[in-house]
Structures are given as C-alpha cells and as structure tokens.
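Note sheet for the following structure.
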Amino acid sequence: MAHRAQKAGLSRKTRTAARRAAGAKRPRPAGRRGGYGRYASGKRRRIAGRGNAAARRTAAGQGAYAPQPAKAAAPPPPSSSPNAAAPFPAADSAAGLSPVPGPAEFATREEAYAAGYREGLFAGGEAKLERLIPRHMMLPELTVDDVIAAGFHAVAGALSPLLRAADVFVAAERALSEGRPLSIVRLGDGEMLTLAHDTVLPVEEAMRWGAFLPYAGVQLPDPSARETLAAAVRAAGIIGIPQSRHPSYQGLLFPVFRHYGIDYRTLQLTTSTINYELNEEGYFARLLKGRRVLLIGDKAFALAKVLRLWGADIAGSIAPVNGVGDVPRVMELARGIPFDLALVAAGIAAVILCERLAREHGKVTLDLGHLANKLISGEAVMPPIQEV
C-alpha cells in the first residue's frame, strides 16, 4: 500500500499516514543501523554524550544547565559489594526516604550544591560517629554535636590561650615607653597559602585556593617571598593567628609551623583580628596619643587625613606598596622618616615590613590591615586622641 501511495504522487505526510494505517514498516536499506545510518548513529551518540557531560557539570556545580528529563529515569545499578553502604536508605526502607537523585536529576546549580553540602555534612559528622558505634547497637536521640560537646571536656586541658587586646596594648605601650622594638603581625589565608605553597601544599592546589593572592601582593609560585615571609613570622614579636579551623586557616597554620620548625608554644600569639579589637576596645587611639606615626600602604595618604582630624601626629606616609617585591624600596624610603609607631596596611608584605621596621629601626609596628579602609570609610570610628 505504501508503494502504491508513493507511485500515486501523494505527499510524504500522506504516505506516512497510509503506511501506519496498513501496519507496514519502511524498508531498511542494507548497511544501515537501526534504520538511521552509521553517521546518524554517531550523531546520536554525540548528542547523548553532550547531555551526560552537561549533567555532570551541573552536579559538580559548574553551571546552571538543566538537562531535559528522560522519559523514564533508570535507577542506579546495585553495588556488587554486599557490604556497600548507600548514603541514604532505599525508597522501600522503613524511613520512607527517596534515594539520592542522580546527576541528571539536578535541575539547578543550587540543588546540586545543596545535595553536595548535605552529603559532605553527613560524611564529616554523623558518618564518622556511625563508624564508632558497634554492630547491632544504636545511639538514639544524640547527634554528633552532642557527642562532641560531651567529649570536649576530655581535651580541654590542651587549650592554649591567646593574648587579648588588653594584653597586646600593654606590651605595645611598654615597648613604646621603653624605646624597644616590637612587631605585631597578623596571619590570614593569604599568608597561609604563601607559606604552604610547595611546602605542605602542591603549587597547583595553592593557586586554586588563592586566586586572590596577586591582589594581596604575591604571584605564586614565589619561593623567595615564601622564605622571606617565614623568616619574618619566626622573628615577629606578637603574631595574630586565625581562630577558624577551616582548611585554609588553622588547617594550614600548624602544618606550616611544623614544616619550618616553628614551635607555637614559644610564640606570643593573639587573634588575627587583633587590629579590630584594639580599636573596638579603645586601645588604638591610646597607642597613637603623643607618638609620631608613620603610615605605609596604598591607603596611607587617605588614612593620614582621617587620623589628623582625630588628632594624630602623622610623621610621614609611604604609598603605594606594590607587593612583596616592593619591600626594599619601601624600607629605603622609611629610613628618612623619624617615627615612634608604624602602621602598615599592605597585604602580605605588611608582615615582612612590620618585622623589618621594628628590628632595623627599634620601633613598634602594627599590621593594620583592612582597619585602614574602615577608618577611611567611616565604618570604624575612634575617639578623639586628645580625649583618651
């Protein structure tokens, strides 16, 4: 019937309808696969490959592409291991939870992120606790947070105190009064990644974590900057360290200290936010009172205007500081400026400058950091210096 319809000069649409009505199938030429041809099959595979790649990108949080849902989503294949544990109970379990969606089922980047966060939270908490529970036993009505709180008392004796703002002020005030050098520096993720690259972290990984480092004054890899920074940390008077246990903060701090043979128990340590705490508790203005102040950093001249309005005696300003490589030039400029207290806001270079200025000039130095920006913008305020 299809052949006669074609001969009769009917349209393709009409011929197709006629074949379907007669239950006839279109003849498949020899050498074709599935009636579509070799090249069409390859195209179909390429299209499927693109869909799978897009689904993988979505699940990894690399894009917001939403693949078209399949007509019938196949369940994930069962594990060949009888002891393999699924991250969530199956749909027919007593809990009645649905299985974890596959990569192709994530419609948005936000859903993929939420699913990854949920799995990471479980793997880093309850899953660890689960491995400690004996077989055929359970620990009802207690979360991993409850267990951590209960067990923390057993390790409380290992706590190590950090200097408070009042302690740092007393040390700085005494050094200023006695004419002794004292450098107060701070370590953040920029300093940690600089010290860690090619020592405790592969260079490539440090570069991925530290895309912001060029802004902070270091272009990885830079072994010279790393070793200069390590020497400055070792010689600094008071070191502010991050209290966060994030992998980029304390997660790198102690491995870096071990690599360089620095015993944290011999150091005077405070928090890396000591700059803000000194100002918030009123000690910053008291340090400035009656002292000749040297300002160093890209915002030095703007900061000088603000501090003069509050009564500070600004002896000089040096700007800009073009990264760690600019330290020798800045040190040379500082030689011609008499000062008592140097405030440095220059990214990673501030640690090196503070230590060298204190050691070579016999003065007190403070790594001011972004407190300089906040004072300029008015986000941070301080009392008039003559009133403290």
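Convention: chains lettered A, B, ... in structure tokens order; per-chain residue numbering from 1; ligands numbered from 1 as shown.
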
Contacts of stretch 351-354 of chain A at 6 Å or less, counting only C-alpha atoms, minus same-chain residues fewer than 2 places along, as a PyMOL selection string?
-> chain A and resi 183+185+232+348-349+356-357+365

Same residues, N, CA and C atoms, saved as an mmCIF file, in the first residue's frame:
data_model
loop_
_atom_site.group_PDB
_atom_site.id
_atom_site.type_symbol
_atom_site.label_atom_id
_atom_site.label_comp_id
_atom_site.auth_asym_id
_atom_site.auth_seq_id
_atom_site.Cartn_x
_atom_site.Cartn_y
_atom_site.Cartn_z
ATOM 1 N N SER A 183 57.150 44.097 66.937
ATOM 2 C CA SER A 183 56.330 43.968 65.728
ATOM 3 C C SER A 183 55.094 43.141 66.042
ATOM 4 N N VAL A 185 52.179 41.397 64.036
ATOM 5 C CA VAL A 185 51.791 40.990 62.684
ATOM 6 C C VAL A 185 50.583 40.073 62.751
ATOM 7 N N ALA A 232 60.179 36.272 58.622
ATOM 8 C CA ALA A 232 59.528 37.363 59.343
ATOM 9 C C ALA A 232 58.606 36.831 60.427
ATOM 10 N N ILE A 348 50.151 40.980 52.225
ATOM 11 C CA ILE A 348 51.136 40.035 52.760
ATOM 12 C C ILE A 348 52.457 40.730 53.065
ATOM 13 N N ALA A 349 52.797 41.759 52.284
ATOM 14 C CA ALA A 349 54.037 42.499 52.521
ATOM 15 C C ALA A 349 54.057 43.157 53.891
ATOM 16 N N ARG A 356 60.697 43.942 59.795
ATOM 17 C CA ARG A 356 61.953 44.615 59.450
ATOM 18 C C ARG A 356 62.020 46.027 60.036
ATOM 19 N N LEU A 357 60.921 46.768 59.972
ATOM 20 C CA LEU A 357 60.909 48.125 60.542
ATOM 21 C C LEU A 357 61.178 48.094 62.041
ATOM 22 N N THR A 365 55.661 48.410 65.583
ATOM 23 C CA THR A 365 54.921 48.359 64.317
ATOM 24 C C THR A 365 53.663 47.520 64.490
#

Pick out each residue of stretch 193-311 of chain A that DSSP on the backbone tags as strand (DSSP E); I need them as a ChimeraX atom specification.
-> /A:238-241,269-271,292-297

Could you write out that same residue set with N, CA and C atoms as a compact mmCIF listing (two decimals), in the first residue's frame?
# COMPACT_ATOMS: atom_id res chain seq x y z
N ILE A 238 54.73 39.66 68.27
CA ILE A 238 53.39 39.13 68.55
C ILE A 238 52.76 38.76 67.22
N ILE A 239 52.19 37.57 67.15
CA ILE A 239 51.65 37.06 65.90
C ILE A 239 50.16 36.79 66.05
N GLY A 240 49.37 37.45 65.22
CA GLY A 240 47.93 37.18 65.21
C GLY A 240 47.65 36.00 64.29
N ILE A 241 46.95 35.01 64.81
CA ILE A 241 46.63 33.81 64.03
C ILE A 241 45.12 33.67 63.91
N LEU A 269 51.15 34.63 70.86
CA LEU A 269 50.10 34.55 69.86
C LEU A 269 48.86 35.31 70.31
N THR A 270 48.22 35.96 69.37
CA THR A 270 46.93 36.60 69.59
C THR A 270 46.04 36.26 68.40
N THR A 271 44.86 36.83 68.33
CA THR A 271 43.97 36.55 67.22
C THR A 271 44.33 37.42 66.02
N ARG A 292 54.78 59.86 67.17
CA ARG A 292 54.94 60.17 65.75
C ARG A 292 54.62 58.90 64.96
N VAL A 293 53.66 59.02 64.05
CA VAL A 293 53.12 57.85 63.37
C VAL A 293 53.53 57.86 61.90
N LEU A 294 54.05 56.72 61.45
CA LEU A 294 54.38 56.50 60.04
C LEU A 294 53.31 55.59 59.44
N LEU A 295 52.73 56.00 58.32
CA LEU A 295 51.70 55.20 57.65
C LEU A 295 52.27 54.64 56.35
N ILE A 296 52.04 53.34 56.14
CA ILE A 296 52.55 52.67 54.94
C ILE A 296 51.43 51.84 54.32
N GLY A 297 51.24 51.99 53.01
CA GLY A 297 50.22 51.20 52.30
C GLY A 297 49.55 52.04 51.24

Using only C-alpha atoms, which of A:Leu278, A:Ala175, A:Val324, A:Leu252 sits nearest A:Val218?
-> A:Val324

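Interatomic distance, atom CA of A:Thr143 against atom CA of A:Ser248: 26.7 Å.
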
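Note that the spacing between atom CA of A:Thr228 and atom CA of A:Ile184 amounts to 16.6 Å.
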
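The closest residue to A:Pro247, picked from A:Leu288, A:Leu303, A:Met207, A:Met192 and counting only C-alpha atoms, is A:Met192.
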